$ cat model_10.cif   # mmCIF, C-alpha atoms and all ligand atoms
data_work
loop_
_atom_site.label_atom_id
_atom_site.label_comp_id
_atom_site.auth_asym_id
_atom_site.auth_seq_id
_atom_site.Cartn_x
_atom_site.Cartn_y
_atom_site.Cartn_z
CA MET N 1 15.22 17.35 38.77
CA ILE N 2 11.95 16.86 36.89
CA ARG N 3 9.68 14.43 38.77
CA VAL N 4 8.03 12.05 36.30
CA ALA N 5 5.09 9.71 36.90
CA VAL N 6 4.07 7.08 34.35
CA ALA N 7 0.50 5.96 33.62
CA GLY N 8 0.45 2.48 32.12
CA ALA N 9 3.67 1.71 34.01
CA ALA N 10 3.17 -2.07 33.81
CA GLY N 11 2.64 -2.05 30.04
CA ARG N 12 5.12 -2.68 27.23
CA MET N 13 5.81 1.03 26.65
CA GLY N 14 5.32 2.08 30.28
CA GLN N 15 8.01 -0.27 31.57
CA THR N 16 10.45 1.00 28.94
CA VAL N 17 9.65 4.63 29.86
CA CYS N 18 10.19 3.91 33.59
CA ALA N 19 13.62 2.43 32.83
CA ALA N 20 14.56 5.38 30.59
CA VAL N 21 13.52 7.94 33.24
CA GLU N 22 15.47 6.06 35.91
CA GLY N 23 18.52 6.12 33.64
CA ALA N 24 18.41 9.92 33.11
CA ASP N 25 20.43 12.12 35.50
CA ASP N 26 18.04 15.09 35.32
CA LEU N 27 14.80 13.09 35.82
CA SER N 28 13.41 11.15 38.76
CA LEU N 29 10.72 8.48 38.53
CA SER N 30 8.17 9.59 41.14
CA GLY N 31 5.34 7.12 40.51
CA ARG N 32 4.09 4.15 38.52
CA ALA N 33 0.31 4.14 38.00
CA ASP N 34 -1.39 1.10 36.53
CA PRO N 35 -4.40 -1.02 37.55
CA ALA N 36 -2.10 -4.02 37.03
CA LEU N 37 0.09 -2.65 39.87
CA ASN N 38 -2.92 -1.62 42.00
CA VAL N 39 -1.77 2.01 41.88
CA ALA N 40 -4.36 4.62 40.89
CA LEU N 41 -3.41 7.74 38.96
CA ALA N 42 -4.59 9.91 41.88
CA ASP N 43 -1.93 8.29 44.07
CA VAL N 44 0.98 9.49 41.90
CA LEU N 45 -0.10 12.97 40.76
CA ASP N 46 0.81 14.85 43.97
CA ASP N 47 4.50 13.99 43.58
CA ALA N 48 4.77 14.60 39.83
CA ASP N 49 5.75 17.53 37.61
CA VAL N 50 5.07 15.56 34.41
CA LEU N 51 2.80 12.57 33.71
CA VAL N 52 3.71 10.32 30.78
CA ASP N 53 0.68 8.35 29.52
CA PHE N 54 1.05 5.12 27.55
CA THR N 55 -2.28 3.45 28.41
CA GLN N 56 -5.32 2.72 26.24
CA PRO N 57 -7.47 4.77 23.84
CA ASP N 58 -10.53 4.50 26.14
CA GLN N 59 -8.57 5.60 29.26
CA VAL N 60 -6.30 8.40 28.13
CA LEU N 61 -8.80 11.28 28.14
CA ALA N 62 -9.95 10.57 31.71
CA ASN N 63 -6.29 10.38 32.77
CA ALA N 64 -5.58 13.67 30.98
CA ARG N 65 -8.48 15.37 32.75
CA GLU N 66 -7.16 14.18 36.13
CA ALA N 67 -3.59 15.30 35.45
CA ILE N 68 -4.75 18.70 34.21
CA ASP N 69 -6.96 19.17 37.29
CA ALA N 70 -3.89 18.44 39.43
CA GLY N 71 -1.79 21.00 37.47
CA VAL N 72 0.59 18.31 36.16
CA HIS N 73 2.11 18.62 32.66
CA LEU N 74 1.29 15.77 30.30
CA VAL N 75 3.19 13.82 27.66
CA ILE N 76 0.85 11.47 25.80
CA GLY N 77 1.97 8.58 23.62
CA THR N 78 -1.28 6.61 23.68
CA THR N 79 -2.89 6.46 20.23
CA GLY N 80 -6.37 5.91 18.81
CA PHE N 81 -8.37 8.51 20.82
CA ASP N 82 -10.26 11.71 19.92
CA LEU N 83 -7.65 14.46 19.59
CA ALA N 84 -10.35 17.17 19.33
CA GLU N 85 -11.51 16.37 22.85
CA LEU N 86 -7.95 16.53 24.15
CA ARG N 87 -7.50 19.90 22.44
CA SER N 88 -10.45 21.42 24.28
CA LEU N 89 -9.21 20.01 27.59
CA ALA N 90 -5.68 21.32 26.98
CA GLU N 91 -6.75 24.77 25.84
CA ALA N 92 -8.52 25.37 29.16
CA ALA N 93 -5.67 23.98 31.28
CA SER N 94 -2.96 25.72 33.31
CA SER N 95 -0.52 22.84 32.72
CA ASN N 96 0.83 21.92 29.26
CA VAL N 97 0.02 18.95 27.02
CA PHE N 98 2.32 17.36 24.44
CA VAL N 99 1.11 14.46 22.31
CA ALA N 100 2.85 12.47 19.58
CA PRO N 101 1.58 9.47 17.61
CA ASN N 102 5.20 8.35 17.21
CA PHE N 103 8.21 9.24 19.37
CA ALA N 104 10.81 7.58 17.11
CA ILE N 105 12.99 10.08 15.25
CA GLY N 106 13.15 7.75 12.22
CA ALA N 107 9.36 7.69 12.02
CA VAL N 108 9.18 11.47 12.12
CA LEU N 109 11.71 11.63 9.28
CA MET N 110 9.69 9.00 7.34
CA MET N 111 6.59 11.20 7.63
CA ARG N 112 8.51 14.27 6.50
CA PHE N 113 10.04 12.51 3.47
CA ALA N 114 6.68 10.93 2.58
CA ALA N 115 4.96 14.33 2.66
CA GLU N 116 7.62 15.76 0.34
CA ALA N 117 7.56 12.74 -2.04
CA SER N 118 3.76 12.88 -2.33
CA ARG N 119 4.06 16.27 -4.00
CA HIS N 120 6.08 14.76 -6.87
CA LEU N 121 4.65 11.27 -7.52
CA ASP N 122 1.18 10.21 -8.72
CA GLY N 123 -0.16 8.06 -5.89
CA ALA N 124 0.72 6.44 -2.60
CA GLU N 125 -0.38 3.73 -0.19
CA ILE N 126 0.74 2.96 3.35
CA ILE N 127 1.27 -0.46 4.91
CA GLU N 128 1.71 -0.37 8.69
CA TYR N 129 2.85 -3.41 10.67
CA HIS N 130 2.39 -3.82 14.44
CA HIS N 131 2.40 -6.53 17.12
CA ALA N 132 -0.80 -8.54 17.44
CA ALA N 133 -1.86 -6.94 20.78
CA LYS N 134 -2.16 -3.40 19.41
CA LEU N 135 -5.72 -2.17 20.08
CA ASP N 136 -6.16 0.45 17.33
CA ALA N 137 -5.99 0.10 13.54
CA PRO N 138 -4.91 1.91 11.47
CA SER N 139 -2.07 3.17 13.66
CA GLY N 140 -1.84 6.80 14.78
CA THR N 141 1.41 7.09 12.81
CA ALA N 142 -0.19 5.87 9.58
CA LYS N 143 -3.13 8.27 9.94
CA ARG N 144 -0.78 11.17 10.67
CA THR N 145 1.44 10.26 7.69
CA ALA N 146 -1.58 10.18 5.37
CA GLU N 147 -2.76 13.56 6.71
CA LEU N 148 0.61 15.14 5.91
CA MET N 149 0.66 13.73 2.34
CA GLU N 150 -1.07 15.06 -0.76
CA GLY N 151 -4.02 13.15 -2.22
CA GLU N 152 -5.98 10.18 -0.87
CA VAL N 153 -3.61 7.66 0.74
CA PRO N 154 -5.14 4.23 1.55
CA ILE N 155 -3.78 2.51 4.67
CA HIS N 156 -3.37 -1.26 5.14
CA SER N 157 -2.82 -2.67 8.65
CA VAL N 158 -0.91 -5.88 9.45
CA ARG N 159 -1.09 -7.30 13.02
CA LEU N 160 1.32 -10.16 13.75
CA PRO N 161 3.52 -11.45 16.58
CA GLY N 162 7.21 -10.74 16.07
CA ILE N 163 6.73 -7.11 15.02
CA VAL N 164 7.15 -3.94 17.16
CA ALA N 165 6.05 -1.05 14.91
CA ASP N 166 7.03 -0.71 11.23
CA GLN N 167 5.68 1.25 8.28
CA ASP N 168 6.16 1.34 4.52
CA VAL N 169 5.05 4.32 2.46
CA ILE N 170 4.97 3.24 -1.19
CA LEU N 171 4.70 5.94 -3.84
CA GLY N 172 4.17 5.32 -7.54
CA GLY N 173 4.83 7.34 -10.69
CA ALA N 174 5.49 6.62 -14.37
CA ALA N 175 7.48 3.35 -14.51
CA GLN N 176 8.81 3.78 -10.95
CA THR N 177 8.02 3.31 -7.29
CA LEU N 178 9.63 4.74 -4.19
CA THR N 179 9.37 2.96 -0.82
CA ILE N 180 10.15 4.78 2.41
CA ARG N 181 10.46 2.22 5.20
CA HIS N 182 10.79 2.69 8.93
CA VAL N 183 11.57 -0.36 11.06
CA THR N 184 11.85 -0.59 14.85
CA THR N 185 13.47 -3.56 16.55
CA ASP N 186 12.88 -2.51 20.15
CA ARG N 187 10.78 -0.07 22.20
CA THR N 188 13.92 1.83 23.23
CA SER N 189 13.60 3.43 19.75
CA PHE N 190 10.91 5.70 21.24
CA MET N 191 12.81 6.79 24.37
CA PRO N 192 14.96 9.73 23.14
CA GLY N 193 11.75 11.34 21.83
CA VAL N 194 9.81 10.66 25.04
CA LEU N 195 12.60 12.10 27.23
CA LEU N 196 12.90 15.17 24.97
CA ALA N 197 9.15 15.79 25.39
CA VAL N 198 9.34 15.28 29.18
CA ARG N 199 12.13 17.88 29.40
CA ARG N 200 10.36 20.40 27.16
CA VAL N 201 6.67 20.11 28.03
CA GLY N 202 6.82 22.47 31.02
CA ALA N 203 8.16 25.32 28.86
CA LEU N 204 5.79 25.05 25.87
CA THR N 205 4.35 28.41 24.84
CA GLU N 206 1.18 26.84 23.41
CA SER N 207 -0.81 23.75 24.33
CA PRO N 208 -1.51 21.18 23.14
CA VAL N 209 1.50 20.67 20.89
CA VAL N 210 1.04 17.67 18.57
CA GLY N 211 3.92 15.80 16.93
CA LEU N 212 7.60 15.32 17.79
CA GLU N 213 8.49 17.36 14.69
CA ARG N 214 7.29 20.46 16.56
CA LEU N 215 10.11 19.93 19.11
CA LEU N 216 12.73 18.82 16.56
CA TRP N 217 12.12 21.71 14.11
CA PRO N 218 10.51 24.40 16.29
CA GLU N 219 11.31 27.18 13.79
CA GLU N 220 8.95 25.76 11.12
N1 LIG N 301 3.50 7.35 20.47
C1 LIG N 301 4.35 6.32 20.31
O1 LIG N 301 5.50 6.49 19.87
C2 LIG N 301 3.89 4.93 20.67
C3 LIG N 301 4.75 3.84 20.57
C4 LIG N 301 4.30 2.58 20.97
C5 LIG N 301 3.01 2.45 21.47
N2 LIG N 301 2.18 3.53 21.53
C6 LIG N 301 0.84 3.47 22.12
O2 LIG N 301 0.99 3.40 23.54
C7 LIG N 301 -0.16 2.76 24.09
C8 LIG N 301 0.31 1.65 25.03
O3 LIG N 301 0.94 0.62 24.28
P1 LIG N 301 1.53 -0.68 24.99
O4 LIG N 301 1.97 -1.57 23.89
O5 LIG N 301 2.48 -0.27 26.06
O6 LIG N 301 0.19 -1.27 25.67
P2 LIG N 301 0.09 -2.28 26.89
O7 LIG N 301 -1.26 -2.92 26.79
O8 LIG N 301 1.30 -3.15 26.99
O9 LIG N 301 0.11 -1.31 28.19
C9 LIG N 301 -0.95 -0.48 28.58
C10 LIG N 301 -0.94 -0.43 30.10
O10 LIG N 301 -1.86 0.57 30.52
C11 LIG N 301 -2.49 0.11 31.70
N3 LIG N 301 -3.70 0.88 31.93
C12 LIG N 301 -4.94 0.68 31.43
N4 LIG N 301 -5.79 1.63 31.87
C13 LIG N 301 -5.07 2.46 32.67
C14 LIG N 301 -5.39 3.63 33.42
N5 LIG N 301 -6.62 4.16 33.42
N6 LIG N 301 -4.40 4.23 34.12
C15 LIG N 301 -3.13 3.72 34.14
N7 LIG N 301 -2.77 2.61 33.44
C16 LIG N 301 -3.73 2.00 32.72
C17 LIG N 301 -2.73 -1.39 31.45
O11 LIG N 301 -2.95 -2.10 32.65
C18 LIG N 301 -1.40 -1.75 30.77
O12 LIG N 301 -0.43 -2.17 31.70
C19 LIG N 301 -1.00 2.28 22.90
O13 LIG N 301 -2.02 3.22 22.66
C20 LIG N 301 -0.01 2.28 21.75
O14 LIG N 301 -0.62 2.45 20.49
C21 LIG N 301 2.62 4.76 21.14
#
$ encode --input "model_10.cif" --output "structure tokens"
Amino acid sequence: MIRVAVAGAAGRMGQTVCAAVEGADDLSLSGRADPALNVALADVLDDADVLVDFTQPDQVLANAREAIDAGVHLVIGTTGFDLAELRSLAEAASSNVFVAPNFAIGAVLMMRFAAEASRHLDGAEIIEYHHAAKLDAPSGTAKRTAELMEGEVPIHSVRLPGIVADQDVILGGAAQTLTIRHVTTDRTSFMPGVLLAVRRVGALTESPVVGLERLLWPEE
């Protein structure tokens, strides 16, 4: 059994992660940390092998430091923070860190196809759509997609109620466009990726590892 604690357990993603961990035979939910539940991170680290963090951009690095100091492996889904700082924390740590801007398999495939398409068409722009309460813009997924693509790729951010997390990558060439669209209808879309990372983080041979694609296609 892998003992899993969740930081941000009262949040939209945190609640979904808690339910997914409870539904997995090989995982046990050992703690729910969240100021909204009056449970501090320090109170859940002793009983955890892995901490999953879905909190806020201004909280995640302090949480990571605490988990690393306690020797707990980390899976981070929070977006919009300084990855360079996390890298230096992780490189000095005895526990492992895995971070992904998007845990949905369809989103990882969208990024892969967009990267390939950008090598063959003349230009591209990204439109990302999220719920109105999302704190960061552009999204971590959009920034990562643009990084993987060739050329300058402008990003447009839409924030509206009624949306979970969608993205269009629109590529243009002579007399043609190609749109690669990823749509989520529910936060359970992220759970297979989160559980895969929870199961694998303890055995990583380098740290940090960034991106679900590194677990899905480890040979590349
Ligand atoms: N990587 C992915 O696939 C993916 C998918 C969806 C959302 N996200 C990201 O996950 C993060 C959370 O999103 P959300 O919609 O669940 O937000 P949310 O606001 O619903 O939940 C965040 C929770 O974190 C709690 N929190 C704040 N500071 C904390 C701390 N120091 N320790 C513990 N808990 C703390 C808050 O009280 C809140 O309950 C965001 O950064 C979002 O962009 C990532």
$ residues_around --input "model_10.cif" --residues "stretch 38-45 of chain N" --least-positions-apart "3" --cutoff "7 Å" --atoms "only C-alpha atoms" --output "PyMOL selection string"
chain N and resi 5+7+31+33-35+48+67+70
$ write_last_selection --input "model_10.cif" --atoms "C-alpha atoms" --output "PDB file, in the coordinates of the input"
ATOM      1  CA  ALA N   5       5.090   9.710  36.900  1.00  0.00           C
ATOM      2  CA  ALA N   7       0.500   5.960  33.620  1.00  0.00           C
ATOM      3  CA  GLY N  31       5.340   7.120  40.510  1.00  0.00           C
ATOM      4  CA  ALA N  33       0.310   4.140  38.000  1.00  0.00           C
ATOM      5  CA  ASP N  34      -1.390   1.100  36.530  1.00  0.00           C
ATOM      6  CA  PRO N  35      -4.400  -1.020  37.550  1.00  0.00           C
ATOM      7  CA  ALA N  48       4.770  14.600  39.830  1.00  0.00           C
ATOM      8  CA  ALA N  67      -3.590  15.300  35.450  1.00  0.00           C
ATOM      9  CA  ALA N  70      -3.890  18.440  39.430  1.00  0.00           C
TER      10      ALA N  70
END
$ atom_distance --input "model_10.cif" --atom1 "atom CA of N:Ala36" --atom2 "atom CA of N:Thr55"
11.4 Å
$ closest_residue --input "model_10.cif" --among "N:Ala115, N:Leu86, N:Ala174, N:Val99" --to "N:Asp53" --atoms "only C-alpha atoms"
N:Val99
$ atom_distance --input "model_10.cif" --atom1 "atom CA of N:Val75" --atom2 "atom C5 of ligand LIG 301 (chain N)"
12.9 Å
$ closest_residue --input "model_10.cif" --among "N:Phe98, N:Phe103, N:Tyr129, N:Phe113" --to "ligand LIG 301 (chain N)" --atoms "only C-alpha atoms and all ligand atoms"
N:Phe103
$ closest_residue --input "model_10.cif" --among "N:Thr185, N:Glu66, N:Val194, N:Ala19" --to "N:Phe54" --atoms "only C-alpha atoms"
N:Val194
$ atom_distance --input "model_10.cif" --atom1 "atom C12 of ligand LIG 301 (chain N)" --atom2 "atom CA of N:Val60"
8.5 Å
$ closest_atom_pairs --input "model_10.cif" --of "chain N" --to "ligand LIG 301 (chain N)" --cutoff "9 Å" --atoms "all atoms listed in the file" --output "JSON lines"
{"residue": "N:Val6", "atom": "CA", "partner": "N:LIG301", "partner_atom": "C15", "distance": 7.9}
{"residue": "N:Ala7", "atom": "CA", "partner": "N:LIG301", "partner_atom": "C15", "distance": 4.3}
{"residue": "N:Gly8", "atom": "CA", "partner": "N:LIG301", "partner_atom": "O10", "distance": 3.4}
{"residue": "N:Ala9", "atom": "CA", "partner": "N:LIG301", "partner_atom": "O12", "distance": 6.1}
{"residue": "N:Ala10", "atom": "CA", "partner": "N:LIG301", "partner_atom": "O12", "distance": 4.2}
{"residue": "N:Gly11", "atom": "CA", "partner": "N:LIG301", "partner_atom": "O9", "distance": 3.2}
{"residue": "N:Arg12", "atom": "CA", "partner": "N:LIG301", "partner_atom": "O5", "distance": 3.8}
{"residue": "N:Met13", "atom": "CA", "partner": "N:LIG301", "partner_atom": "O5", "distance": 3.6}
{"residue": "N:Gly14", "atom": "CA", "partner": "N:LIG301", "partner_atom": "O5", "distance": 5.6}
{"residue": "N:Gln15", "atom": "CA", "partner": "N:LIG301", "partner_atom": "O5", "distance": 7.8}
{"residue": "N:Thr16", "atom": "CA", "partner": "N:LIG301", "partner_atom": "O5", "distance": 8.6}
{"residue": "N:Arg32", "atom": "CA", "partner": "N:LIG301", "partner_atom": "C15", "distance": 8.5}
{"residue": "N:Ala33", "atom": "CA", "partner": "N:LIG301", "partner_atom": "C15", "distance": 5.2}
{"residue": "N:Asp34", "atom": "CA", "partner": "N:LIG301", "partner_atom": "N7", "distance": 3.7}
{"residue": "N:Pro35", "atom": "CA", "partner": "N:LIG301", "partner_atom": "O11", "distance": 5.2}
{"residue": "N:Ala36", "atom": "CA", "partner": "N:LIG301", "partner_atom": "O11", "distance": 4.9}
{"residue": "N:Leu37", "atom": "CA", "partner": "N:LIG301", "partner_atom": "O11", "distance": 7.9}
{"residue": "N:Val39", "atom": "CA", "partner": "N:LIG301", "partner_atom": "C15", "distance": 8.0}
{"residue": "N:Ala40", "atom": "CA", "partner": "N:LIG301", "partner_atom": "N6", "distance": 6.8}
{"residue": "N:Leu41", "atom": "CA", "partner": "N:LIG301", "partner_atom": "N6", "distance": 6.1}
{"residue": "N:Asp53", "atom": "CA", "partner": "N:LIG301", "partner_atom": "C15", "distance": 7.6}
{"residue": "N:Phe54", "atom": "CA", "partner": "N:LIG301", "partner_atom": "C8", "distance": 4.4}
{"residue": "N:Thr55", "atom": "CA", "partner": "N:LIG301", "partner_atom": "O10", "distance": 3.6}
{"residue": "N:Gln56", "atom": "CA", "partner": "N:LIG301", "partner_atom": "O13", "distance": 4.9}
{"residue": "N:Pro57", "atom": "CA", "partner": "N:LIG301", "partner_atom": "O13", "distance": 5.8}
{"residue": "N:Asp58", "atom": "CA", "partner": "N:LIG301", "partner_atom": "N4", "distance": 8.0}
{"residue": "N:Gln59", "atom": "CA", "partner": "N:LIG301", "partner_atom": "N5", "distance": 4.8}
{"residue": "N:Val60", "atom": "CA", "partner": "N:LIG301", "partner_atom": "N5", "distance": 6.8}
{"residue": "N:Ala62", "atom": "CA", "partner": "N:LIG301", "partner_atom": "N5", "distance": 7.4}
{"residue": "N:Asn63", "atom": "CA", "partner": "N:LIG301", "partner_atom": "N5", "distance": 6.3}
{"residue": "N:Ile76", "atom": "CA", "partner": "N:LIG301", "partner_atom": "N1", "distance": 7.2}
{"residue": "N:Gly77", "atom": "CA", "partner": "N:LIG301", "partner_atom": "N1", "distance": 3.7}
{"residue": "N:Thr78", "atom": "CA", "partner": "N:LIG301", "partner_atom": "O13", "distance": 3.6}
{"residue": "N:Thr79", "atom": "CA", "partner": "N:LIG301", "partner_atom": "O13", "distance": 4.1}
{"residue": "N:Gly80", "atom": "CA", "partner": "N:LIG301", "partner_atom": "O13", "distance": 6.4}
{"residue": "N:Phe81", "atom": "CA", "partner": "N:LIG301", "partner_atom": "O13", "distance": 8.5}
{"residue": "N:Val99", "atom": "CA", "partner": "N:LIG301", "partner_atom": "N1", "distance": 7.7}
{"residue": "N:Ala100", "atom": "CA", "partner": "N:LIG301", "partner_atom": "N1", "distance": 5.2}
{"residue": "N:Pro101", "atom": "CA", "partner": "N:LIG301", "partner_atom": "N1", "distance": 4.0}
{"residue": "N:Asn102", "atom": "CA", "partner": "N:LIG301", "partner_atom": "O1", "distance": 3.3}
{"residue": "N:Phe103", "atom": "CA", "partner": "N:LIG301", "partner_atom": "O1", "distance": 3.9}
{"residue": "N:Ala104", "atom": "CA", "partner": "N:LIG301", "partner_atom": "O1", "distance": 6.1}
{"residue": "N:Ala107", "atom": "CA", "partner": "N:LIG301", "partner_atom": "O1", "distance": 8.8}
{"residue": "N:His131", "atom": "CA", "partner": "N:LIG301", "partner_atom": "O4", "distance": 8.4}
{"residue": "N:Ala133", "atom": "CA", "partner": "N:LIG301", "partner_atom": "O7", "distance": 7.3}
{"residue": "N:Lys134", "atom": "CA", "partner": "N:LIG301", "partner_atom": "O14", "distance": 6.1}
{"residue": "N:Leu135", "atom": "CA", "partner": "N:LIG301", "partner_atom": "O14", "distance": 6.9}
{"residue": "N:Asp136", "atom": "CA", "partner": "N:LIG301", "partner_atom": "O14", "distance": 6.7}
{"residue": "N:Ser139", "atom": "CA", "partner": "N:LIG301", "partner_atom": "O14", "distance": 7.0}
{"residue": "N:Gly140", "atom": "CA", "partner": "N:LIG301", "partner_atom": "O14", "distance": 7.3}
{"residue": "N:Thr141", "atom": "CA", "partner": "N:LIG301", "partner_atom": "N1", "distance": 7.9}
{"residue": "N:Val164", "atom": "CA", "partner": "N:LIG301", "partner_atom": "C4", "distance": 8.1}
{"residue": "N:Ala165", "atom": "CA", "partner": "N:LIG301", "partner_atom": "C4", "distance": 7.3}
{"residue": "N:Arg187", "atom": "CA", "partner": "N:LIG301", "partner_atom": "C4", "distance": 7.1}
{"residue": "N:Ser189", "atom": "CA", "partner": "N:LIG301", "partner_atom": "O1", "distance": 8.7}
{"residue": "N:Phe190", "atom": "CA", "partner": "N:LIG301", "partner_atom": "O1", "distance": 5.6}
{"residue": "N:Met191", "atom": "CA", "partner": "N:LIG301", "partner_atom": "O1", "distance": 8.6}
{"residue": "N:Gly193", "atom": "CA", "partner": "N:LIG301", "partner_atom": "O1", "distance": 8.2}
{"residue": "N:Val194", "atom": "CA", "partner": "N:LIG301", "partner_atom": "O1", "distance": 7.9}
$ closest_residue --input "model_10.cif" --among "N:Pro208, N:Met110, N:Ala142, N:Leu121" --to "N:Ala84" --atoms "only C-alpha atoms"
N:Pro208
$ residues_around --input "model_10.cif" --residues "N:Asp26" --least-positions-apart "5" --cutoff "10 Å" --atoms "only C-alpha atoms" --output "list in words"
Met1, Ile2, Arg3, Val21 and Arg199 of chain N
$ closest_residue --input "model_10.cif" --among "N:Glu220, N:Glu213, N:Asp122, N:Glu150" --to "N:Val108" --atoms "all atoms listed in the file"
N:Glu213
$ residues_near_point --input "model_10.cif" --point "(12.4, 8.8, 31.2)" --cutoff "6 Å" --atoms "all atoms listed in the file" --output "PyMOL selection string"
chain N and resi 17-18+20-21+195
$ residues_near_point --input "model_10.cif" --point "(0.7, -6.3, 6.4)" --cutoff "10 Å" --atoms "all atoms listed in the file" --output "PyMOL selection string"
chain N and resi 126-130+156-160+166-168
$ closest_residue --input "model_10.cif" --among "N:Ile180, N:Val52, N:Ala175, N:Val97" --to "N:Thr205" --atoms "all atoms listed in the file"
N:Val97
$ axis_aligned_box --input "model_10.cif" --around "stretch 159-171 of chain N" --padding-each-side "6 Å" --output "AutoDock Vina command-line options"
--center_x 3.1 --center_y -2.8 --center_z 6.7 --size_x 20.3 --size_y 29.4 --size_z 33.0
$ decode --input "model_10.cif" --residues "stretch 208-214 of chain N" --atoms "all heavy atoms" --output "short mmCIF file (atom, residue, chain, number, x, y, z; two decimals), in the first residue's frame"
data_model
loop_
_atom_site.label_atom_id
_atom_site.label_comp_id
_atom_site.auth_asym_id
_atom_site.auth_seq_id
_atom_site.Cartn_x
_atom_site.Cartn_y
_atom_site.Cartn_z
N PRO N 208 13.86 16.63 -10.45
CA PRO N 208 12.45 16.39 -10.73
C PRO N 208 12.26 15.83 -12.14
O PRO N 208 13.09 16.01 -13.01
CB PRO N 208 11.84 17.79 -10.65
CG PRO N 208 12.94 18.70 -11.13
CD PRO N 208 14.21 18.07 -10.62
N VAL N 209 11.14 15.13 -12.33
CA VAL N 209 10.69 14.76 -13.66
C VAL N 209 9.48 15.63 -13.97
O VAL N 209 8.57 15.76 -13.15
CB VAL N 209 10.34 13.26 -13.73
CG1 VAL N 209 9.60 12.93 -15.02
CG2 VAL N 209 11.61 12.42 -13.61
N VAL N 210 9.50 16.27 -15.17
CA VAL N 210 8.44 17.23 -15.53
C VAL N 210 7.68 16.71 -16.75
O VAL N 210 8.28 16.47 -17.80
CB VAL N 210 9.05 18.62 -15.84
CG1 VAL N 210 7.94 19.61 -16.21
CG2 VAL N 210 9.85 19.14 -14.66
N GLY N 211 6.37 16.54 -16.59
CA GLY N 211 5.52 16.19 -17.73
C GLY N 211 5.10 14.72 -17.71
O GLY N 211 5.94 13.83 -17.56
N LEU N 212 3.80 14.49 -17.87
CA LEU N 212 3.27 13.12 -17.87
C LEU N 212 3.85 12.30 -19.02
O LEU N 212 3.97 11.08 -18.92
CB LEU N 212 1.73 13.18 -17.99
CG LEU N 212 0.97 11.90 -17.70
CD1 LEU N 212 1.16 11.47 -16.26
CD2 LEU N 212 -0.51 12.08 -18.02
N GLU N 213 4.24 12.98 -20.11
CA GLU N 213 4.81 12.26 -21.25
C GLU N 213 6.06 11.47 -20.85
O GLU N 213 6.36 10.43 -21.44
CB GLU N 213 5.11 13.22 -22.42
CG GLU N 213 6.16 14.30 -22.17
CD GLU N 213 5.61 15.54 -21.46
OE1 GLU N 213 4.49 15.48 -20.93
OE2 GLU N 213 6.33 16.56 -21.42
N ARG N 214 6.77 11.95 -19.82
CA ARG N 214 7.98 11.25 -19.38
C ARG N 214 7.64 9.88 -18.75
O ARG N 214 8.46 8.98 -18.75
CB ARG N 214 8.73 12.11 -18.35
CG ARG N 214 9.24 13.45 -18.90
CD ARG N 214 10.46 13.28 -19.79
NE ARG N 214 11.46 12.43 -19.20
CZ ARG N 214 12.35 12.81 -18.29
NH1 ARG N 214 12.38 14.05 -17.87
NH2 ARG N 214 13.25 11.96 -17.82
#
